[in-house]
$ cat upload-v2.txt   # compact mmCIF, C-alpha atoms
# COMPACT_ATOMS: atom_id res chain seq x y z
CA MET M 28 135.95 -8.61 72.10
CA SER M 29 134.05 -11.74 71.00
CA ILE M 30 130.59 -11.36 69.50
CA GLU M 31 127.84 -13.39 71.11
CA THR M 32 126.19 -15.91 68.80
CA SER M 33 122.43 -16.21 69.19
CA ILE M 34 121.11 -19.67 70.00
CA GLU M 35 119.38 -19.75 66.61
CA GLN M 36 122.78 -19.33 64.93
CA LEU M 37 124.49 -22.20 66.73
CA SER M 38 125.52 -25.40 64.96
CA SER M 39 122.74 -27.90 64.36
CA ARG M 40 124.20 -30.21 67.02
CA LEU M 41 124.28 -27.49 69.67
CA GLN M 42 120.78 -26.35 68.77
CA ALA M 43 119.55 -29.92 69.19
CA LEU M 44 121.30 -30.26 72.56
CA VAL M 45 119.85 -26.94 73.75
CA GLN M 46 116.39 -28.03 72.66
CA ASP M 47 116.69 -31.40 74.43
CA THR M 48 117.97 -29.70 77.59
CA ARG M 49 115.16 -27.19 77.47
CA VAL M 50 112.57 -29.94 77.07
CA VAL M 51 113.85 -31.78 80.17
CA LEU M 52 113.85 -28.59 82.23
CA GLU M 53 110.40 -27.52 81.08
CA ARG M 54 109.07 -31.01 81.79
CA ALA M 55 110.46 -30.82 85.31
CA VAL M 56 108.85 -27.43 85.94
CA HIS M 57 105.54 -28.63 84.50
CA ASP M 58 105.52 -31.83 86.54
CA TYR M 59 107.00 -30.62 89.82
CA GLN M 60 106.63 -26.79 89.77
CA ASP M 61 109.10 -26.16 92.60
CA VAL M 62 112.48 -26.83 90.92
CA VAL M 63 115.87 -25.49 92.01
CA TYR M 64 119.26 -25.58 90.32
CA SER M 65 122.35 -26.27 92.46
CA ASN M 66 124.80 -24.14 90.48
CA SER M 67 128.39 -25.43 90.72
CA LEU M 68 129.82 -22.49 88.73
CA GLY M 69 131.73 -24.97 86.57
CA ALA M 70 131.84 -24.97 82.78
CA GLU M 71 128.66 -27.05 82.48
CA ALA M 72 127.01 -24.70 84.95
CA MET M 73 127.65 -21.74 82.66
CA VAL M 74 125.79 -23.49 79.85
CA LEU M 75 122.93 -24.56 82.10
CA THR M 76 122.67 -21.10 83.67
CA ASP M 77 122.39 -19.55 80.22
CA ILE M 78 119.68 -21.98 79.13
CA ILE M 79 117.72 -21.59 82.37
CA CYS M 80 117.86 -17.79 82.30
CA THR M 81 116.93 -17.73 78.60
CA TYR M 82 114.14 -20.30 78.52
CA VAL M 83 113.13 -21.53 81.99
CA PRO M 84 113.60 -18.59 84.39
CA ASP M 85 111.09 -20.06 86.86
CA ILE M 86 113.83 -22.40 88.06
CA ASP M 87 115.49 -20.97 91.17
CA MET M 88 119.27 -21.12 91.61
CA PHE M 89 121.62 -21.40 94.55
CA THR M 90 125.34 -22.04 94.92
CA LEU M 91 127.56 -23.17 97.78
CA ASP M 92 130.38 -21.08 99.19
CA THR M 93 132.37 -23.55 101.26
CA GLY M 94 134.67 -20.88 102.66
CA ARG M 95 137.61 -22.43 100.78
CA LEU M 96 136.79 -21.46 97.19
CA HIS M 97 139.28 -19.94 94.76
CA ASP M 98 139.09 -16.18 94.31
CA GLU M 99 138.45 -16.85 90.62
CA THR M 100 135.28 -18.77 91.49
CA LEU M 101 133.88 -15.92 93.56
CA ALA M 102 134.76 -13.44 90.81
CA LEU M 103 132.84 -15.63 88.35
CA LEU M 104 129.75 -15.58 90.56
CA ASP M 105 129.78 -11.78 90.43
CA ARG M 106 130.13 -11.80 86.64
CA VAL M 107 127.25 -14.26 86.23
CA GLU M 108 124.92 -12.19 88.39
CA ARG M 109 125.79 -9.05 86.46
CA ARG M 110 125.28 -10.69 83.06
CA TYR M 111 121.86 -12.10 83.84
CA GLN M 112 120.75 -9.38 86.27
CA ARG M 113 119.72 -12.11 88.63
CA ARG M 114 120.78 -12.87 92.17
CA ILE M 115 121.95 -16.42 92.90
CA GLN M 116 121.39 -17.45 96.49
CA VAL M 117 124.67 -18.27 98.25
CA LEU M 118 124.61 -20.84 101.05
CA TYR M 119 127.41 -21.16 103.60
CA PRO M 120 128.38 -23.90 106.06
CA GLN M 121 127.39 -23.56 109.70
CA ALA M 122 130.18 -21.61 111.43
CA GLU M 123 130.01 -23.71 114.60
CA ALA M 124 130.48 -26.93 112.65
CA VAL M 125 133.49 -25.54 110.77
CA GLU M 126 135.07 -24.32 114.00
CA GLN M 127 134.59 -27.71 115.66
CA TYR M 128 136.07 -29.50 112.65
CA VAL M 129 139.17 -27.30 112.71
CA ARG M 130 139.56 -27.85 116.46
CA ASP M 131 139.36 -31.60 115.96
CA HIS M 132 141.36 -32.05 112.75
CA GLY M 133 143.26 -28.84 112.01
CA ILE M 134 142.72 -26.27 109.27
CA ASN M 135 143.65 -28.76 106.52
CA GLY M 136 142.62 -31.94 108.30
CA PHE M 137 140.96 -33.32 105.17
CA TYR M 138 144.39 -34.47 103.93
CA GLN M 139 144.68 -36.94 106.82
CA GLY M 140 142.33 -39.57 105.42
CA PHE M 141 139.11 -40.40 103.63
CA ASN M 142 136.88 -40.02 106.69
CA GLU M 143 138.36 -36.64 107.55
CA ARG M 144 137.85 -35.43 103.99
CA GLN M 145 134.29 -36.74 103.85
CA SER M 146 133.54 -35.02 107.14
CA CYS M 147 134.79 -31.73 105.75
CA CYS M 148 132.68 -32.15 102.60
CA ASN M 149 129.65 -32.97 104.71
CA ILE M 150 130.05 -29.78 106.72
CA ARG M 151 130.98 -27.44 103.88
CA LYS M 152 128.87 -28.86 101.04
CA ILE M 153 126.31 -31.52 101.96
CA GLU M 154 124.64 -29.74 104.88
CA PRO M 155 124.29 -26.39 103.03
CA PHE M 156 123.09 -28.27 99.95
CA LYS M 157 120.38 -29.98 101.98
CA ARG M 158 119.21 -26.57 103.16
CA GLY M 159 119.13 -25.42 99.55
CA ILE M 160 116.83 -28.23 98.41
CA ALA M 161 114.72 -28.43 101.59
CA GLY M 162 111.04 -28.42 100.73
CA ARG M 163 111.69 -28.54 96.97
CA LYS M 164 110.16 -31.06 94.60
CA ALA M 165 113.16 -31.43 92.23
CA TRP M 166 116.77 -30.29 91.90
CA VAL M 167 118.80 -29.75 88.74
CA THR M 168 122.38 -30.85 88.20
CA GLY M 169 124.77 -30.37 85.27
CA VAL M 170 126.37 -33.83 85.29
CA ARG M 171 127.40 -35.39 81.96
CA ARG M 172 127.86 -39.03 80.98
CA GLY M 173 131.48 -38.46 80.02
CA GLN M 174 132.53 -37.35 83.50
CA SER M 175 132.60 -40.77 85.18
CA ALA M 176 131.40 -44.36 84.85
CA GLU M 177 128.68 -43.73 87.43
CA ARG M 178 127.41 -40.59 85.71
CA ALA M 179 127.40 -42.42 82.37
CA GLN M 180 124.47 -44.50 83.63
CA GLY M 181 122.36 -41.56 84.78
CA GLU M 182 118.76 -40.81 83.81
CA ALA M 183 117.49 -37.40 82.71
CA ILE M 184 114.93 -37.46 85.53
CA SER M 185 115.28 -39.94 88.36
CA TRP M 186 114.25 -40.31 91.96
CA ASP M 187 116.99 -39.29 94.41
CA GLN M 188 116.53 -41.59 97.39
CA ARG M 189 119.11 -39.79 99.50
CA TYR M 190 117.30 -36.47 99.43
CA ASP M 191 113.73 -37.64 98.76
CA LEU M 192 113.04 -35.55 95.67
CA TRP M 193 113.46 -35.76 91.90
CA LYS M 194 116.87 -35.24 90.34
CA VAL M 195 116.98 -33.57 86.93
CA SER M 196 120.07 -34.07 84.75
CA PRO M 197 119.40 -32.34 81.42
CA MET M 198 123.02 -32.27 80.16
CA LEU M 199 123.84 -35.97 80.15
CA GLU M 200 124.37 -36.11 76.39
CA TRP M 201 126.65 -33.07 76.17
CA THR M 202 130.34 -33.74 75.61
CA GLU M 203 133.11 -31.54 76.96
CA GLU M 204 133.64 -30.27 73.41
CA ASP M 205 129.96 -29.33 73.19
CA VAL M 206 130.17 -27.42 76.46
CA TRP M 207 133.12 -25.33 75.35
CA ALA M 208 131.74 -24.78 71.87
CA TYR M 209 128.61 -23.34 73.44
CA ILE M 210 130.55 -21.20 75.91
CA ARG M 211 132.66 -19.70 73.13
CA ALA M 212 129.78 -19.22 70.71
CA ARG M 213 127.64 -17.50 73.33
CA ASN M 214 130.62 -15.62 74.82
CA LEU M 215 129.68 -16.83 78.30
CA PRO M 216 131.67 -15.99 81.43
CA TYR M 217 133.64 -18.90 82.89
CA ASN M 218 136.18 -19.56 85.61
CA ALA M 219 139.61 -18.19 84.67
CA LEU M 220 141.20 -21.31 86.20
CA HIS M 221 139.94 -23.34 83.24
CA ASP M 222 142.59 -21.59 81.15
CA LYS M 223 145.27 -22.65 83.64
CA GLY M 224 144.80 -26.42 83.48
CA PHE M 225 141.85 -26.79 85.86
CA PRO M 226 139.10 -28.75 84.02
CA SER M 227 137.18 -29.48 87.25
CA ILE M 228 137.17 -26.90 90.04
CA GLY M 229 136.15 -27.31 93.67
CA CYS M 230 137.66 -26.01 96.90
CA ALA M 231 141.13 -24.48 96.51
CA PRO M 232 143.06 -26.96 98.72
CA CYS M 233 141.32 -29.95 97.11
CA THR M 234 141.75 -28.96 93.45
CA ARG M 235 144.84 -28.78 91.30
CA ALA M 236 145.72 -28.40 87.62
CA VAL M 237 146.16 -31.53 85.50
CA GLU M 238 148.28 -32.32 82.48
CA PRO M 239 146.66 -32.01 79.04
CA GLY M 240 144.78 -35.19 78.16
CA ALA M 241 144.49 -36.38 81.77
CA ASP M 242 141.18 -37.41 83.32
CA PRO M 243 139.39 -34.08 83.90
CA ARG M 244 138.50 -35.03 87.47
CA SER M 245 141.96 -36.34 88.38
CA GLY M 246 142.77 -32.97 89.91
CA ARG M 247 140.01 -33.35 92.50
CA TRP M 248 141.06 -35.00 95.80
CA TRP M 249 144.09 -36.33 93.93
CA TRP M 250 145.58 -37.98 97.04
CA GLU M 251 142.68 -40.48 97.23
CA ASN M 252 141.77 -43.55 95.22
CA PRO M 253 139.74 -42.66 92.10
CA GLU M 254 136.76 -44.63 93.42
CA THR M 255 136.27 -42.22 96.34
CA ARG M 256 136.65 -38.91 94.47
CA GLU M 257 133.16 -37.51 95.00
CA CYS M 258 132.07 -35.01 97.61
CA GLY M 259 128.81 -36.82 98.28
CA LEU M 260 126.47 -34.60 96.28
CA GLN M 261 126.68 -37.13 93.45
CA PRO M 262 126.37 -40.87 94.23
CA ARG M 263 129.14 -43.40 93.66
CA ARG M 264 126.46 -45.89 92.63
CA VAL M 265 123.49 -45.48 90.34
CA ILE M 266 120.04 -45.26 91.96
CA PRO M 267 117.38 -46.89 89.74
CA LEU M 268 114.65 -44.73 88.28
CA LYS M 269 111.56 -44.66 90.45
CA VAL M 270 108.21 -44.63 88.67
CA GLU M 271 106.19 -41.59 89.65
CA PRO M 272 102.96 -42.76 91.34
CA ARG M 273 100.72 -40.54 89.20
CA ARG M 274 102.23 -41.84 85.96
CA ALA M 275 102.21 -45.46 87.15
CA ALA M 276 98.50 -45.25 87.89
CA ALA M 277 97.81 -43.71 84.50
CA SER M 278 99.75 -46.39 82.62
CA SER M 279 97.94 -49.21 84.39
CA ALA M 280 94.49 -47.72 83.81
$ encode --input "upload-v2.txt" --output "structure tokens"
Amino acid sequence: MSIETSIEQLSSRLQALVQDTRVVLERAVHDYQDVVYSNSLGAEAMVLTDIICTYVPDIDMFTLDTGRLHDETLALLDRVERRYQRRIQVLYPQAEAVEQYVRDHGINGFYQGFNERQSCCNIRKIEPFKRGIAGRKAWVTGVRRGQSAERAQGEAISWDQRYDLWKVSPMLEWTEEDVWAYIRARNLPYNALHDKGFPSIGCAPCTRAVEPGADPRSGRWWWENPETRECGLQPRRVIPLKVEPRRAAASSA
């Protein structure tokens, strides 16, 4: 059994990344108070969950159960809750919407085309996500610059025009190697599918293993063009940083 390394015993690089991540999270809580983390249960999410539970427990957490998740993902959720002795709110799609989609397109209708897949994502992910952030001032995401060209241009804290609240991305500077070094050093739970060639994990029918060295997200919606391979939670274009009114007034004073 692996021994958990304390954060103070991590490499200097990891300690610096943890500190930077903590600073962004604490700034968000200080500035906006009502902050929620949309926990994807991916590898980055395990790191972020550990940092939040250790340093910034005031941040609430929820996750999305689309109804098509891998068994391994649900097993991970149970392990995370047991480790941190903390319940993560689980949000589900509206049953009526799922039933209507299946009537219209079939149980696996998302394979038919881009619009059908986007519709499924909207029902199973976007609508529950909107309920999860409703009334909040800011939401936290674990995106990294190395995941895509769009994410490479992200800001640590930026205004999310689509959802009308602040978006907090404290892990932008982490590399995939950093993520896994932290997971191993801290002996964190993670999805067993990562050991079977799944670097990025979503719904079971829309995720597959990839060859070593391949683009980590190439196993997501692999039948589509790379430009369309997002569920909609993350933008395919960068939204410029909006200046917070309170800070703008202060700087012009």
$ closest_residue --input "upload-v2.txt" --among "M:Cys80, M:Gly240, M:Ala183, M:Val125" --to "Arg110 of chain M" --atoms "all atoms listed in the file"
M:Cys80
$ residues_around --input "upload-v2.txt" --residues "Ser67 of chain M" --least-positions-apart "2" --cutoff "9 Å" --atoms "only C-alpha atoms" --output "list in words"
Ser65, Gly69, Ala70, Glu71, Ala72, Met73, Phe89, Thr90, Leu91, Thr168, Gly169, Ile228 and Gly229 of chain M
$ closest_residue --input "upload-v2.txt" --among "M:Arg144, M:Arg213, M:Lys157, M:Arg130" --to "Tyr190 of chain M" --atoms "only C-alpha atoms"
M:Lys157
$ axis_aligned_box --input "upload-v2.txt" --around "segment 238-250 of chain M" --padding-each-side "8 Å" --output "AutoDock Vina command-line options"
--center_x 143.4 --center_y -35.0 --center_z 87.6 --size_x 25.8 --size_y 22.0 --size_z 34.9
$ residues_around --input "upload-v2.txt" --residues "segment 137-139 of chain M" --least-positions-apart "2" --cutoff "12 Å" --atoms "all atoms listed in the file" --output "ChimeraX atom specification"
/M:128-129,131-135,141-151,230,232-233,248-251,258
$ atom_distance --input "upload-v2.txt" --atom1 "atom CA of Ile86 of chain M" --atom2 "atom CA of Ala165 of chain M"
10.0 Å
$ residues_around --input "upload-v2.txt" --residues "Thr81 of chain M" --least-positions-apart "4" --cutoff "10 Å" --atoms "only C-alpha atoms" --output "list in words"
Ile34, Arg49, Leu75, Thr76, Asp77 and Tyr111 of chain M
$ closest_residue --input "upload-v2.txt" --among "M:Pro197, M:Pro216, M:Gly162, M:Gly140" --to "Glu108 of chain M" --atoms "all atoms listed in the file"
M:Pro216
$ atom_distance --input "upload-v2.txt" --atom1 "atom CA of Arg211 of chain M" --atom2 "atom CA of Leu118 of chain M"
29.1 Å
$ closest_residue --input "upload-v2.txt" --among "M:His221, M:Ala122, M:Arg163, M:Arg109" --to "Trp207 of chain M" --atoms "all atoms listed in the file"
M:His221
$ atom_distance --input "upload-v2.txt" --atom1 "atom CA of Pro120 of chain M" --atom2 "atom CA of Ile160 of chain M"
14.5 Å
$ closest_residue --input "upload-v2.txt" --among "M:Ala241, M:Ala212, M:Leu96, M:Leu44" --to "Gly224 of chain M" --atoms "only C-alpha atoms"
M:Ala241
$ closest_residue --input "upload-v2.txt" --among "M:Ala102, M:Ala161, M:Ile78, M:Val195" --to "Leu220 of chain M" --atoms "all atoms listed in the file"
M:Ala102
$ build_atoms --input "upload-v2.txt" --residues "segment 73-86 of chain M" --atoms "N, CA and C atoms" --output "mmCIF file, in the frame of the given file"
data_model
loop_
_atom_site.group_PDB
_atom_site.id
_atom_site.type_symbol
_atom_site.label_atom_id
_atom_site.label_comp_id
_atom_site.auth_asym_id
_atom_site.auth_seq_id
_atom_site.Cartn_x
_atom_site.Cartn_y
_atom_site.Cartn_z
ATOM 1 N N MET M 73 127.812 -22.954 83.455
ATOM 2 C CA MET M 73 127.650 -21.740 82.660
ATOM 3 C C MET M 73 126.658 -21.973 81.528
ATOM 4 N N VAL M 74 126.734 -23.151 80.908
ATOM 5 C CA VAL M 74 125.790 -23.490 79.850
ATOM 6 C C VAL M 74 124.389 -23.604 80.416
ATOM 7 N N LEU M 75 124.244 -24.326 81.508
ATOM 8 C CA LEU M 75 122.930 -24.560 82.100
ATOM 9 C C LEU M 75 122.326 -23.257 82.620
ATOM 10 N N THR M 76 123.159 -22.399 83.209
ATOM 11 C CA THR M 76 122.670 -21.100 83.670
ATOM 12 C C THR M 76 122.124 -20.283 82.512
ATOM 13 N N ASP M 77 122.829 -20.308 81.394
ATOM 14 C CA ASP M 77 122.390 -19.550 80.220
ATOM 15 C C ASP M 77 121.063 -20.076 79.697
ATOM 16 N N ILE M 78 120.908 -21.390 79.640
ATOM 17 C CA ILE M 78 119.680 -21.980 79.130
ATOM 18 C C ILE M 78 118.517 -21.714 80.086
ATOM 19 N N ILE M 79 118.768 -21.848 81.376
ATOM 20 C CA ILE M 79 117.720 -21.590 82.370
ATOM 21 C C ILE M 79 117.268 -20.129 82.303
ATOM 22 N N CYS M 80 118.217 -19.206 82.302
ATOM 23 C CA CYS M 80 117.860 -17.790 82.300
ATOM 24 C C CYS M 80 117.177 -17.385 80.994
ATOM 25 N N THR M 81 117.509 -18.056 79.903
ATOM 26 C CA THR M 81 116.930 -17.730 78.600
ATOM 27 C C THR M 81 115.544 -18.333 78.424
ATOM 28 N N TYR M 82 115.355 -19.584 78.835
ATOM 29 C CA TYR M 82 114.140 -20.300 78.520
ATOM 30 C C TYR M 82 113.276 -20.704 79.720
ATOM 31 N N VAL M 83 113.898 -20.985 80.856
ATOM 32 C CA VAL M 83 113.130 -21.530 81.990
ATOM 33 C C VAL M 83 113.460 -20.739 83.261
ATOM 34 N N PRO M 84 113.199 -19.429 83.259
ATOM 35 C CA PRO M 84 113.600 -18.590 84.390
ATOM 36 C C PRO M 84 112.863 -18.883 85.690
ATOM 37 N N ASP M 85 111.811 -19.710 85.634
ATOM 38 C CA ASP M 85 111.090 -20.060 86.860
ATOM 39 C C ASP M 85 111.914 -20.968 87.767
ATOM 40 N N ILE M 86 112.971 -21.554 87.243
ATOM 41 C CA ILE M 86 113.830 -22.400 88.060
ATOM 42 C C ILE M 86 114.720 -21.523 88.939
#
